[in-house]
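Coordinates as given in model01.cif (mmCIF, C-alpha atoms):
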data_data
loop_
_atom_site.group_PDB
_atom_site.id
_atom_site.type_symbol
_atom_site.label_atom_id
_atom_site.label_comp_id
_atom_site.auth_asym_id
_atom_site.auth_seq_id
_atom_site.Cartn_x
_atom_site.Cartn_y
_atom_site.Cartn_z
ATOM 1 C CA MET A 1 60.761 111.543 78.426
ATOM 2 C CA SER A 2 59.594 108.578 80.566
ATOM 3 C CA ARG A 3 59.867 108.698 84.352
ATOM 4 C CA THR A 4 62.533 105.986 84.220
ATOM 5 C CA GLY A 5 64.585 107.910 81.677
ATOM 6 C CA TRP A 6 64.319 111.108 83.702
ATOM 7 C CA LEU A 7 65.389 109.273 86.858
ATOM 8 C CA ALA A 8 68.423 107.784 85.118
ATOM 9 C CA GLY A 9 69.444 111.206 83.851
ATOM 10 C CA VAL A 10 69.112 112.808 87.260
ATOM 11 C CA LEU A 11 71.156 110.075 88.931
ATOM 12 C CA ALA A 12 73.860 110.319 86.253
ATOM 13 C CA ILE A 13 74.185 114.020 87.003
ATOM 14 C CA ALA A 14 74.273 113.281 90.743
ATOM 15 C CA VAL A 15 77.035 110.690 90.384
ATOM 16 C CA ALA A 16 79.097 113.070 88.246
ATOM 17 C CA ALA A 17 78.646 115.841 90.798
ATOM 18 C CA ALA A 18 79.665 113.534 93.617
ATOM 19 C CA ALA A 19 82.804 112.500 91.738
ATOM 20 C CA THR A 20 83.676 116.139 91.127
ATOM 21 C CA ALA A 21 83.226 116.873 94.830
ATOM 22 C CA VAL A 22 85.683 114.117 95.721
ATOM 23 C CA VAL A 23 88.252 115.434 93.222
ATOM 24 C CA LEU A 24 87.926 118.897 94.673
ATOM 25 C CA ALA A 25 88.299 117.426 98.147
ATOM 26 C CA GLY A 26 91.592 115.872 97.072
ATOM 27 C CA GLN A 27 92.799 119.334 96.059
ATOM 28 C CA ARG A 28 91.806 121.059 99.282
ATOM 29 C CA GLN A 29 95.388 121.656 100.411
ATOM 30 C CA GLU A 30 96.015 123.816 97.335
ATOM 31 C CA GLU A 31 93.087 126.112 98.069
ATOM 32 C CA PRO A 32 93.041 128.940 100.625
ATOM 33 C CA ALA A 33 91.353 128.114 103.923
ATOM 34 C CA ARG A 34 87.770 129.281 104.196
ATOM 35 C CA ALA A 35 87.082 131.793 106.931
ATOM 36 C CA GLU A 36 83.782 130.582 108.348
ATOM 37 C CA PRO A 37 83.637 130.995 112.145
ATOM 38 C CA PRO A 38 83.696 127.883 114.374
ATOM 39 C CA THR A 39 80.356 126.285 115.219
ATOM 40 C CA ARG A 40 79.214 124.161 118.130
ATOM 41 C CA PRO A 41 79.694 120.405 117.553
ATOM 42 C CA ASN A 42 76.303 118.839 116.891
ATOM 43 C CA LEU A 43 76.158 115.955 114.406
ATOM 44 C CA VAL A 44 72.987 113.942 113.853
ATOM 45 C CA LEU A 45 72.519 110.589 112.148
ATOM 46 C CA VAL A 46 69.378 111.062 110.067
ATOM 47 C CA VAL A 47 67.735 107.806 108.961
ATOM 48 C CA LEU A 48 64.898 107.958 106.444
ATOM 49 C CA GLU A 49 62.634 104.917 106.511
ATOM 50 C CA ALA A 50 61.082 104.828 103.042
ATOM 51 C CA GLU A 51 60.541 102.416 100.154
ATOM 52 C CA GLY A 52 63.875 101.738 98.459
ATOM 53 C CA GLY A 53 65.702 102.532 101.702
ATOM 54 C CA PRO A 54 66.585 102.968 104.466
ATOM 55 C CA PHE A 55 68.678 106.017 103.643
ATOM 56 C CA ALA A 56 71.236 107.534 106.002
ATOM 57 C CA ALA A 57 73.079 110.816 106.333
ATOM 58 C CA VAL A 58 75.057 112.668 108.982
ATOM 59 C CA VAL A 59 73.956 116.300 109.234
ATOM 60 C CA GLY A 60 75.207 119.206 111.353
ATOM 61 C CA SER A 61 78.547 120.494 112.576
ATOM 62 C CA THR A 62 81.817 119.016 113.837
ATOM 63 C CA GLY A 63 82.615 122.329 115.523
ATOM 64 C CA GLN A 64 84.901 123.444 112.729
ATOM 65 C CA ARG A 65 83.899 126.055 110.170
ATOM 66 C CA ARG A 66 80.496 125.183 108.761
ATOM 67 C CA HIS A 67 77.449 122.948 108.712
ATOM 68 C CA GLY A 68 77.152 120.205 106.153
ATOM 69 C CA ALA A 69 75.823 116.732 105.390
ATOM 70 C CA ILE A 70 77.281 113.398 104.292
ATOM 71 C CA VAL A 71 75.108 110.659 102.799
ATOM 72 C CA VAL A 72 76.408 107.209 103.765
ATOM 73 C CA PRO A 73 75.666 104.396 101.265
ATOM 74 C CA THR A 74 74.005 101.458 102.987
ATOM 75 C CA GLU A 75 76.051 98.880 101.044
ATOM 76 C CA LEU A 76 79.356 100.036 102.570
ATOM 77 C CA SER A 77 81.187 97.440 104.652
ATOM 78 C CA VAL A 78 81.911 98.669 108.163
ATOM 79 C CA LEU A 79 82.941 97.478 111.580
ATOM 80 C CA LEU A 80 80.051 97.490 114.026
ATOM 81 C CA PRO A 81 81.819 98.164 117.362
ATOM 82 C CA GLY A 82 80.874 95.434 119.794
ATOM 83 C CA GLN A 83 79.078 93.484 117.050
ATOM 84 C CA GLY A 84 81.605 92.525 114.370
ATOM 85 C CA ASP A 85 81.769 93.126 110.632
ATOM 86 C CA GLY A 86 78.710 94.161 108.656
ATOM 87 C CA THR A 87 77.306 96.843 106.397
ATOM 88 C CA VAL A 88 75.873 100.284 107.034
ATOM 89 C CA GLY A 89 72.448 98.860 106.212
ATOM 90 C CA GLU A 90 72.869 96.216 108.911
ATOM 91 C CA ALA A 91 74.039 98.880 111.355
ATOM 92 C CA LEU A 92 70.829 100.831 110.733
ATOM 93 C CA GLY A 93 68.905 97.769 111.927
ATOM 94 C CA LEU A 94 70.545 97.999 115.369
ATOM 95 C CA GLU A 95 69.510 100.245 118.218
ATOM 96 C CA PRO A 96 69.804 103.890 117.085
ATOM 97 C CA ARG A 97 72.740 104.692 119.398
ATOM 98 C CA GLN A 98 74.629 101.640 118.131
ATOM 99 C CA ALA A 99 73.972 102.723 114.545
ATOM 100 C CA ALA A 100 75.208 106.256 115.266
ATOM 101 C CA THR A 101 78.349 104.890 116.952
ATOM 102 C CA THR A 102 79.046 102.672 113.930
ATOM 103 C CA ILE A 103 78.786 105.631 111.543
ATOM 104 C CA ALA A 104 80.937 107.733 113.884
ATOM 105 C CA ASN A 105 83.609 105.031 113.845
ATOM 106 C CA LEU A 106 83.468 105.013 110.034
ATOM 107 C CA LEU A 107 83.752 108.793 109.677
ATOM 108 C CA GLY A 108 86.258 109.307 112.497
ATOM 109 C CA VAL A 109 84.128 112.039 114.089
ATOM 110 C CA TRP A 110 81.639 111.640 116.905
ATOM 111 C CA VAL A 111 77.947 111.593 115.957
ATOM 112 C CA ASP A 112 76.124 113.160 118.882
ATOM 113 C CA HIS A 113 72.479 112.333 118.134
ATOM 114 C CA HIS A 114 70.188 110.258 115.957
ATOM 115 C CA VAL A 115 66.725 110.630 114.455
ATOM 116 C CA THR A 116 64.429 108.494 112.320
ATOM 117 C CA ILE A 117 62.042 110.104 109.841
ATOM 118 C CA PRO A 118 59.366 107.992 108.112
ATOM 119 C CA GLY A 119 58.619 108.407 104.435
ATOM 120 C CA SER A 120 55.247 109.943 105.256
ATOM 121 C CA GLY A 121 56.997 112.511 107.445
ATOM 122 C CA LEU A 122 59.385 113.444 104.641
ATOM 123 C CA ALA A 123 56.501 113.840 102.203
ATOM 124 C CA ALA A 124 54.686 116.101 104.650
ATOM 125 C CA LEU A 125 57.803 118.265 105.072
ATOM 126 C CA VAL A 126 58.211 118.596 101.316
ATOM 127 C CA ASP A 127 54.571 119.558 100.835
ATOM 128 C CA ARG A 128 54.762 122.059 103.687
ATOM 129 C CA VAL A 129 57.309 124.107 101.750
ATOM 130 C CA GLY A 130 55.450 123.746 98.460
ATOM 131 C CA GLY A 131 57.806 121.145 96.996
ATOM 132 C CA ILE A 132 61.591 120.957 96.646
ATOM 133 C CA ASP A 133 64.057 121.115 93.756
ATOM 134 C CA VAL A 134 65.480 117.697 92.873
ATOM 135 C CA GLY A 135 67.766 117.402 89.866
ATOM 136 C CA GLY A 136 66.292 120.495 88.241
ATOM 137 C CA SER A 137 62.663 119.499 88.779
ATOM 138 C CA ARG A 138 60.184 120.686 91.396
ATOM 139 C CA LEU A 139 58.772 117.659 93.214
ATOM 140 C CA ASN A 140 55.977 117.349 95.754
ATOM 141 C CA GLY A 141 56.063 114.880 98.628
ATOM 142 C CA ARG A 142 54.603 111.929 96.722
ATOM 143 C CA ALA A 143 56.959 112.473 93.780
ATOM 144 C CA VAL A 144 59.967 112.608 96.114
ATOM 145 C CA LEU A 145 59.060 109.225 97.610
ATOM 146 C CA THR A 146 58.595 107.759 94.111
ATOM 147 C CA PHE A 147 61.976 109.156 93.082
ATOM 148 C CA LEU A 148 63.662 107.466 96.045
ATOM 149 C CA GLU A 149 61.770 104.208 95.574
ATOM 150 C CA GLU A 150 62.892 103.954 91.929
ATOM 151 C CA SER A 151 66.505 104.976 92.579
ATOM 152 C CA GLY A 152 67.824 101.407 92.815
ATOM 153 C CA GLU A 153 71.628 101.234 92.993
ATOM 154 C CA GLY A 154 71.747 105.022 92.838
ATOM 155 C CA GLY A 155 69.942 105.336 96.157
ATOM 156 C CA ALA A 156 72.688 107.275 97.918
ATOM 157 C CA SER A 157 72.964 109.847 95.123
ATOM 158 C CA ALA A 158 69.174 110.136 94.932
ATOM 159 C CA PHE A 159 68.934 110.721 98.674
ATOM 160 C CA ALA A 160 71.686 113.344 98.447
ATOM 161 C CA LEU A 161 69.615 115.259 95.890
ATOM 162 C CA VAL A 162 66.501 115.021 98.048
ATOM 163 C CA LEU A 163 68.320 115.984 101.248
ATOM 164 C CA GLY A 164 70.008 118.897 99.486
ATOM 165 C CA GLY A 165 66.665 120.126 98.192
ATOM 166 C CA LEU A 166 65.081 119.797 101.621
ATOM 167 C CA LEU A 167 67.891 121.632 103.427
ATOM 168 C CA ALA A 168 67.793 124.378 100.782
ATOM 169 C CA ALA A 169 64.060 124.801 101.345
ATOM 170 C CA ALA A 170 64.584 125.262 105.119
ATOM 171 C CA PRO A 171 61.197 123.812 106.114
ATOM 172 C CA GLY A 172 61.257 125.203 109.649
ATOM 173 C CA TRP A 173 61.903 121.966 111.494
ATOM 174 C CA GLU A 174 59.701 121.155 114.483
ATOM 175 C CA GLN A 175 59.986 118.434 117.095
ATOM 176 C CA GLU A 176 56.697 116.978 115.824
ATOM 177 C CA ASP A 177 58.421 116.234 112.490
ATOM 178 C CA LEU A 178 60.673 113.673 114.161
ATOM 179 C CA ALA A 179 59.293 110.166 114.655
ATOM 180 C CA ALA A 180 62.107 109.083 116.965
ATOM 181 C CA ALA A 181 64.971 111.203 118.247
ATOM 182 C CA ASP A 182 67.221 110.838 121.265
ATOM 183 C CA SER A 183 67.151 114.598 121.857
ATOM 184 C CA ALA A 184 64.564 116.370 119.720
ATOM 185 C CA PRO A 185 65.704 119.927 120.604
ATOM 186 C CA GLU A 186 69.325 119.166 119.643
ATOM 187 C CA VAL A 187 68.242 117.447 116.422
ATOM 188 C CA VAL A 188 65.981 120.347 115.432
ATOM 189 C CA GLU A 189 68.826 122.761 116.167
ATOM 190 C CA ALA A 190 71.269 120.846 113.943
ATOM 191 C CA LEU A 191 68.807 120.485 111.051
ATOM 192 C CA THR A 192 67.735 124.112 111.229
ATOM 193 C CA ALA A 193 71.323 125.385 111.350
ATOM 194 C CA SER A 194 72.179 123.239 108.307
ATOM 195 C CA ALA A 195 69.770 125.102 105.993
ATOM 196 C CA GLY A 196 71.355 125.412 102.569
ATOM 197 C CA ALA A 197 74.291 123.163 103.500
ATOM 198 C CA ASP A 198 76.213 121.259 100.844
ATOM 199 C CA VAL A 199 75.514 117.523 100.738
ATOM 200 C CA ARG A 200 78.318 115.075 99.937
ATOM 201 C CA VAL A 201 78.085 111.351 99.208
ATOM 202 C CA LEU A 202 80.683 109.117 100.832
ATOM 203 C CA PRO A 203 82.326 107.298 97.892
ATOM 204 C CA SER A 204 82.457 103.515 97.762
ATOM 205 C CA GLU A 205 84.445 101.033 95.692
ATOM 206 C CA GLU A 206 83.462 97.440 95.007
ATOM 207 C CA VAL A 207 86.613 95.582 96.059
ATOM 208 C CA ALA A 208 85.036 92.148 95.596
ATOM 209 C CA GLU A 209 81.665 90.960 94.404
ATOM 210 C CA GLY A 210 79.069 92.628 96.617
ATOM 211 C CA ILE A 211 81.680 94.096 98.994
ATOM 212 C CA PHE A 212 82.004 97.884 99.030
ATOM 213 C CA ARG A 213 84.622 99.833 100.953
ATOM 214 C CA VAL A 214 85.919 103.368 101.348
ATOM 215 C CA GLY A 215 89.491 104.267 102.267
ATOM 216 C CA PRO A 216 90.433 106.446 105.251
ATOM 217 C CA GLN A 217 91.843 109.188 103.036
ATOM 218 C CA GLU A 218 88.612 109.386 101.030
ATOM 219 C CA VAL A 219 86.632 109.602 104.283
ATOM 220 C CA ARG A 220 88.928 112.338 105.557
ATOM 221 C CA ALA A 221 88.517 114.346 102.344
ATOM 222 C CA VAL A 222 84.719 114.195 102.443
ATOM 223 C CA VAL A 223 84.594 115.154 106.138
ATOM 224 C CA VAL A 224 86.693 118.231 105.380
ATOM 225 C CA GLU A 225 84.595 119.154 102.354
ATOM 226 C CA ALA A 226 81.300 118.724 104.198
ATOM 227 C CA PHE A 227 82.092 120.182 107.609
ATOM 228 C CA GLY A 228 85.394 122.042 107.210
ATOM 229 C CA GLY A 229 87.203 119.393 109.257
ATOM 230 C CA PRO A 230 88.694 118.099 111.390
ATOM 231 C CA ASP A 231 91.423 117.533 108.824
ATOM 232 C CA ARG A 232 93.358 114.825 110.658
ATOM 233 C CA GLU A 233 94.597 111.300 110.266
ATOM 234 C CA VAL A 234 92.342 109.014 112.285
ATOM 235 C CA VAL A 235 94.443 106.410 114.100
ATOM 236 C CA PRO A 236 93.389 102.742 113.688
ATOM 237 C CA VAL A 237 92.973 100.700 116.871
ATOM 238 C CA ILE A 238 92.433 97.004 117.620
ATOM 239 C CA VAL A 239 90.071 96.209 120.511
ATOM 240 C CA LEU A 240 90.187 92.809 122.240
ATOM 241 C CA ASN A 241 87.554 91.980 124.842
ATOM 242 C CA GLY A 242 89.407 90.557 127.813
ATOM 243 C CA SER A 243 86.611 91.109 130.336
ATOM 244 C CA GLY A 244 83.839 89.015 128.791
ATOM 245 C CA GLU A 245 81.342 91.858 128.915
ATOM 246 C CA PRO A 246 79.158 91.785 125.762
ATOM 247 C CA GLY A 247 79.308 94.791 123.459
ATOM 248 C CA ILE A 248 82.444 96.220 125.064
ATOM 249 C CA GLY A 249 83.657 97.499 121.705
ATOM 250 C CA GLU A 250 80.796 99.968 121.480
ATOM 251 C CA LEU A 251 81.641 101.383 124.914
ATOM 252 C CA VAL A 252 85.292 101.729 123.930
ATOM 253 C CA ALA A 253 84.292 103.485 120.696
ATOM 254 C CA GLU A 254 82.265 106.026 122.663
ATOM 255 C CA ARG A 255 85.442 106.963 124.534
ATOM 256 C CA ILE A 256 88.083 106.952 121.797
ATOM 257 C CA VAL A 257 86.354 107.940 118.521
ATOM 258 C CA PRO A 258 85.904 111.586 119.610
ATOM 259 C CA GLY A 259 89.668 111.678 120.259
ATOM 260 C CA GLY A 260 90.594 110.830 116.667
ATOM 261 C CA PHE A 261 90.737 107.018 116.790
ATOM 262 C CA ARG A 262 88.894 104.372 114.762
ATOM 263 C CA ILE A 263 88.347 100.734 115.741
ATOM 264 C CA VAL A 264 89.380 98.515 112.815
ATOM 265 C CA VAL A 265 89.322 95.110 114.539
ATOM 266 C CA ASN A 266 87.039 94.090 117.402
ATOM 267 C CA GLU A 267 87.419 90.540 118.731
ATOM 268 C CA ASN A 268 87.548 88.541 121.936
ATOM 269 C CA ALA A 269 90.866 88.177 123.704
ATOM 270 C CA SER A 270 92.275 84.688 124.251
ATOM 271 C CA ALA A 271 90.788 84.721 127.765
ATOM 272 C CA PHE A 272 88.265 86.766 129.770
ATOM 273 C CA ASP A 273 90.425 86.947 132.920
ATOM 274 C CA HIS A 274 92.023 90.358 132.365
ATOM 275 C CA GLU A 275 91.569 92.473 135.466
ATOM 276 C CA GLU A 276 93.449 95.515 134.161
ATOM 277 C CA THR A 277 93.010 97.128 130.751
ATOM 278 C CA LEU A 278 96.191 97.048 128.681
ATOM 279 C CA VAL A 279 97.006 99.548 125.952
ATOM 280 C CA VAL A 280 99.691 97.927 123.819
ATOM 281 C CA VAL A 281 101.743 99.782 121.212
ATOM 282 C CA GLY A 282 104.151 98.246 118.731
ATOM 283 C CA SER A 283 106.956 100.760 119.098
ATOM 284 C CA ALA A 284 108.435 103.112 121.640
ATOM 285 C CA ASP A 285 107.635 105.857 119.127
ATOM 286 C CA ASP A 286 103.920 105.158 119.674
ATOM 287 C CA VAL A 287 103.900 105.411 123.471
ATOM 288 C CA ALA A 288 102.386 108.891 123.211
ATOM 289 C CA LEU A 289 99.499 107.403 121.211
ATOM 290 C CA GLY A 290 99.029 104.771 123.900
ATOM 291 C CA ASP A 291 98.979 107.444 126.578
ATOM 292 C CA ARG A 292 96.269 109.320 124.666
ATOM 293 C CA VAL A 293 94.145 106.179 124.423
ATOM 294 C CA ARG A 294 94.614 105.351 128.106
ATOM 295 C CA ASP A 295 93.588 108.881 129.056
ATOM 296 C CA LEU A 296 90.446 108.650 126.916
ATOM 297 C CA LEU A 297 89.547 105.282 128.459
ATOM 298 C CA GLY A 298 90.238 106.537 131.969
ATOM 299 C CA VAL A 299 91.867 103.242 133.000
ATOM 300 C CA GLY A 300 94.700 100.928 132.082
ATOM 301 C CA SER A 301 98.436 100.864 131.590
ATOM 302 C CA VAL A 302 100.573 101.291 128.473
ATOM 303 C CA SER A 303 103.180 98.789 127.336
ATOM 304 C CA VAL A 304 105.330 98.173 124.248
ATOM 305 C CA SER A 305 105.197 94.844 122.441
ATOM 306 C CA VAL A 306 105.474 93.375 118.939
ATOM 307 C CA SER A 307 103.470 95.351 116.390
ATOM 308 C CA SER A 308 100.293 93.766 115.057
ATOM 309 C CA GLY A 309 101.019 95.130 111.596
ATOM 310 C CA ILE A 310 97.380 96.238 111.411
ATOM 311 C CA ALA A 311 97.185 99.133 113.860
ATOM 312 C CA PRO A 312 99.691 100.968 116.059
ATOM 313 C CA VAL A 313 97.518 100.516 119.166
ATOM 314 C CA THR A 314 95.821 97.435 120.634
ATOM 315 C CA ILE A 315 93.471 97.668 123.614
ATOM 316 C CA VAL A 316 92.924 94.565 125.715
ATOM 317 C CA VAL A 317 89.883 95.580 127.740
ATOM 318 C CA GLY A 318 89.924 94.422 131.350
ATOM 319 C CA ARG A 319 87.331 94.336 134.103
ATOM 320 C CA ASP A 320 88.472 97.725 135.357
ATOM 321 C CA PHE A 321 86.846 99.391 132.339
ATOM 322 C CA GLY A 322 83.314 100.356 133.203
ATOM 323 C CA GLY A 323 82.270 102.034 129.946
#
Starting from the file, lay out its structure as structure tokens.
Amino acid sequence: MSRTGWLAGVLAIAVAAAATAVVLAGQRQEEPARAEPPTRPNLVLVVLEAEGGPFAAVVGSTGQRRHGAIVVPTELSVLLPGQGDGTVGEALGLEPRQAATTIANLLGVWVDHHVTIPGSGLAALVDRVGGIDVGGSRLNGRAVLTFLEESGEGGASAFALVLGGLLAAAPGWEQEDLAAADSAPEVVEALTASAGADVRVLPSEEVAEGIFRVGPQEVRAVVVEAFGGPDREVVPVIVLNGSGEPGIGELVAERIVPGGFRIVVNENASAFDHEETLVVVGSADDVALGDRVRDLLGVGSVSVSVSSGIAPVTIVVGRDFGG
């Protein structure tokens, strides 16, 4: 069989496996809860810089029941807090912390750290453990890079196979393996603890030509399957910059995403003269949500107004918010 034919077969198996994982995730409420003990929250955005990429995955623990990994397709449309609309691929071109915050906002769970691994570093890791299993074949470092380079539109599934093989091999991660990490000890800890973890691919649907999206329920299901939770509805929030400070949406995301909120709209307010931050809810029934947001921000007041029809909470960020 030619290399191209083998690659197509491997990716077909990967896509089928990913679809099965999503179906099983949708049935999770019918299955008994798994009894793994809680773990310390420590999620890492892992970005592989290689031909055919970049490739991105979130690896580690949400503090629920187990370690896991989620590969995030780069073509997915996302909100870049403080930046506007874009794709995961565009987010990966930002500063690493901004990229991690964008992926956290997408997943609805906080991503604590970030690391970049070059293709040469991945190949060295693979060779150090004598090769890894990818789609039923044992590949060395050079073959792994070729596999990823030729993956084309199946890049996310290909990376999931490679990441799964690497985590299964437990290469004995060292700080020297990481080209750029915000906290090398924490990243090494998360990667080491995730040895043998299941790898999921975040599903995407082409809703218009070249525009790929994933729904909140699909995200929730994959988070539960990968990490054991949190199994919660993430509350959508609109953020309006009323202070004029650039990038305020990213600072707001850092405060509210860990609390179970997701920014779905991030725009400027009609004026930049807001001294006090306002947390506006569309119904008296949502005042408790507004109080939660205000407490996470540490400033502001809550009021009830006409619903936006998009999200139950709108934050008009004032000059009292210091990030």
Name every residue that the PyMOL selection byres ((chain A and resi 130-144) around 6) selects in this structure, writing the answer as a PyMOL selection string with chains first and numbers rising.
chain A and resi 10+123+126-129+145-147+161-162+165
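For the pair atom CA of Asn268 of chain A and atom CA of Val252 of chain A, the separation is 13.5 Å.
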Report as a PDB file with C-alpha atoms, in the frame of the given file all protein, DNA and RNA residues lying within 12 Å of Gly93 of chain A, evaluated on all atoms listed in the file, omitting residues in the same chain fewer than 2 positions from it.
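Result file is out.pdb:
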ATOM      1  CA  VAL A  47      67.735 107.806 108.961  1.00  0.00           C
ATOM      2  CA  GLU A  49      62.634 104.917 106.511  1.00  0.00           C
ATOM      3  CA  GLY A  53      65.702 102.532 101.702  1.00  0.00           C
ATOM      4  CA  PRO A  54      66.585 102.968 104.466  1.00  0.00           C
ATOM      5  CA  PHE A  55      68.678 106.017 103.643  1.00  0.00           C
ATOM      6  CA  ALA A  56      71.236 107.534 106.002  1.00  0.00           C
ATOM      7  CA  THR A  74      74.005 101.458 102.987  1.00  0.00           C
ATOM      8  CA  LEU A  80      80.051  97.490 114.026  1.00  0.00           C
ATOM      9  CA  GLY A  86      78.710  94.161 108.656  1.00  0.00           C
ATOM     10  CA  THR A  87      77.306  96.843 106.397  1.00  0.00           C
ATOM     11  CA  VAL A  88      75.873 100.284 107.034  1.00  0.00           C
ATOM     12  CA  GLY A  89      72.448  98.860 106.212  1.00  0.00           C
ATOM     13  CA  GLU A  90      72.869  96.216 108.911  1.00  0.00           C
ATOM     14  CA  ALA A  91      74.039  98.880 111.355  1.00  0.00           C
ATOM     15  CA  GLU A  95      69.510 100.245 118.218  1.00  0.00           C
ATOM     16  CA  PRO A  96      69.804 103.890 117.085  1.00  0.00           C
ATOM     17  CA  ARG A  97      72.740 104.692 119.398  1.00  0.00           C
ATOM     18  CA  GLN A  98      74.629 101.640 118.131  1.00  0.00           C
ATOM     19  CA  ALA A  99      73.972 102.723 114.545  1.00  0.00           C
ATOM     20  CA  ALA A 100      75.208 106.256 115.266  1.00  0.00           C
ATOM     21  CA  THR A 102      79.046 102.672 113.930  1.00  0.00           C
ATOM     22  CA  THR A 116      64.429 108.494 112.320  1.00  0.00           C
TER      23      THR A 116
END
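Candidate residues A:Pro185, A:Gly164, A:Gly309, A:Gly108 were compared for distance to Gln217 of chain A, and the nearest is A:Gly108, using all atoms listed in the file.
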Separation of atom CA of His67 of chain A from atom CA of Val109 of chain A, in Å and rounded to one decimal
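The value is 13.9 Å.
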Which residues, written as an MDAnalysis selection string, have at least one atom at most 12 Å from Leu48 of chain A, with only C-alpha atoms counted and residues fewer than 3 positions away on the same chain left out?
chainID A and resid 45 51:58 71:72 74 89 92 114:123 145 148:149 155:156 159:160 162:163 178:180
For the provided coordinates, the residues matched by the PyMOL selection byres ((chain A and resi 170) around 9) should be stated as a PDB file with C-alpha atoms, in the frame of the given file.
ATOM      1  CA  VAL A 129      57.309 124.107 101.750  1.00  0.00           C
ATOM      2  CA  GLY A 165      66.665 120.126  98.192  1.00  0.00           C
ATOM      3  CA  LEU A 166      65.081 119.797 101.621  1.00  0.00           C
ATOM      4  CA  LEU A 167      67.891 121.632 103.427  1.00  0.00           C
ATOM      5  CA  ALA A 168      67.793 124.378 100.782  1.00  0.00           C
ATOM      6  CA  ALA A 169      64.060 124.801 101.345  1.00  0.00           C
ATOM      7  CA  PRO A 171      61.197 123.812 106.114  1.00  0.00           C
ATOM      8  CA  GLY A 172      61.257 125.203 109.649  1.00  0.00           C
ATOM      9  CA  TRP A 173      61.903 121.966 111.494  1.00  0.00           C
ATOM     10  CA  LEU A 191      68.807 120.485 111.051  1.00  0.00           C
ATOM     11  CA  THR A 192      67.735 124.112 111.229  1.00  0.00           C
ATOM     12  CA  SER A 194      72.179 123.239 108.307  1.00  0.00           C
ATOM     13  CA  ALA A 195      69.770 125.102 105.993  1.00  0.00           C
ATOM     14  CA  GLY A 196      71.355 125.412 102.569  1.00  0.00           C
TER      15      GLY A 196
END
List as a PyMOL selection string the protein and nucleic acid residues near Asn42 of chain A, meaning an atom at most 9 Å away when only C-alpha atoms are counted, but skip any in the same chain fewer than 3 places from it.
chain A and resi 39+59-63+110-113+186-187+189-190
So how many Å separate atom CA of Asp198 of chain A and atom CA of Leu79 of chain A, to one decimal?
26.9 Å
Kindly provide, as lines of an AutoDock Vina configuration file, the centre and edge lengths (Å, one decimal) of an axis-aligned box around all atoms of segment 174-192 of chain A given in the file, with 6 Å on each side.
center_x = 64.0
center_y = 116.6
center_z = 116.5
size_x = 26.6
size_y = 27.0
size_z = 22.8
Which of these residues is nearest to Asp291 of chain A, using all atoms listed in the file: A:Val306, A:Val264, A:Val313, A:Ala269?
A:Val313
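Among the candidates A:Ser307, A:Ser157, A:Asn241, A:Ser204, the one nearest to Ser283 of chain A when counting only C-alpha atoms is A:Ser307.
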Nearest candidate to Gly282 of chain A (options A:Pro312, A:Gly260, A:Pro73, A:Gly244; using all atoms listed in the file)
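Once distances to Gly282 of chain A are computed over all atoms listed in the file, the minimum belongs to A:Pro312.
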If you apply the PyMOL selection byres ((chain A and resi 236) around 8) to this file, what residues do you get, as a PyMOL selection string?
chain A and resi 234-235+237-238+261-264+310-313
Here is a test: counting only C-alpha atoms, which residue of A:Arg66, A:Arg319, A:Arg255, A:Arg200 is nearest to Asn105 of chain A?
A:Arg255
Which residue is closest to Ile211 of chain A? Choose from A:Val224, A:Val279, A:Leu106, A:Leu76 and count all atoms listed in the file.
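Among the listed residues, A:Leu76 lies closest to Ile211 of chain A.
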Spatial sel., origin (87.4, 124.9, 115.1), limit 9 Å, all atoms listed in the file, listed as a ChimeraX atom specification
/A:37-40,62-65,228-230
Neighbourhood query: residues within 8 Å of (86.4, 92.0, 114.4), file coordinates, counting only C-alpha atoms; return as a PyMOL selection string.
chain A and resi 79+83-85+264-267
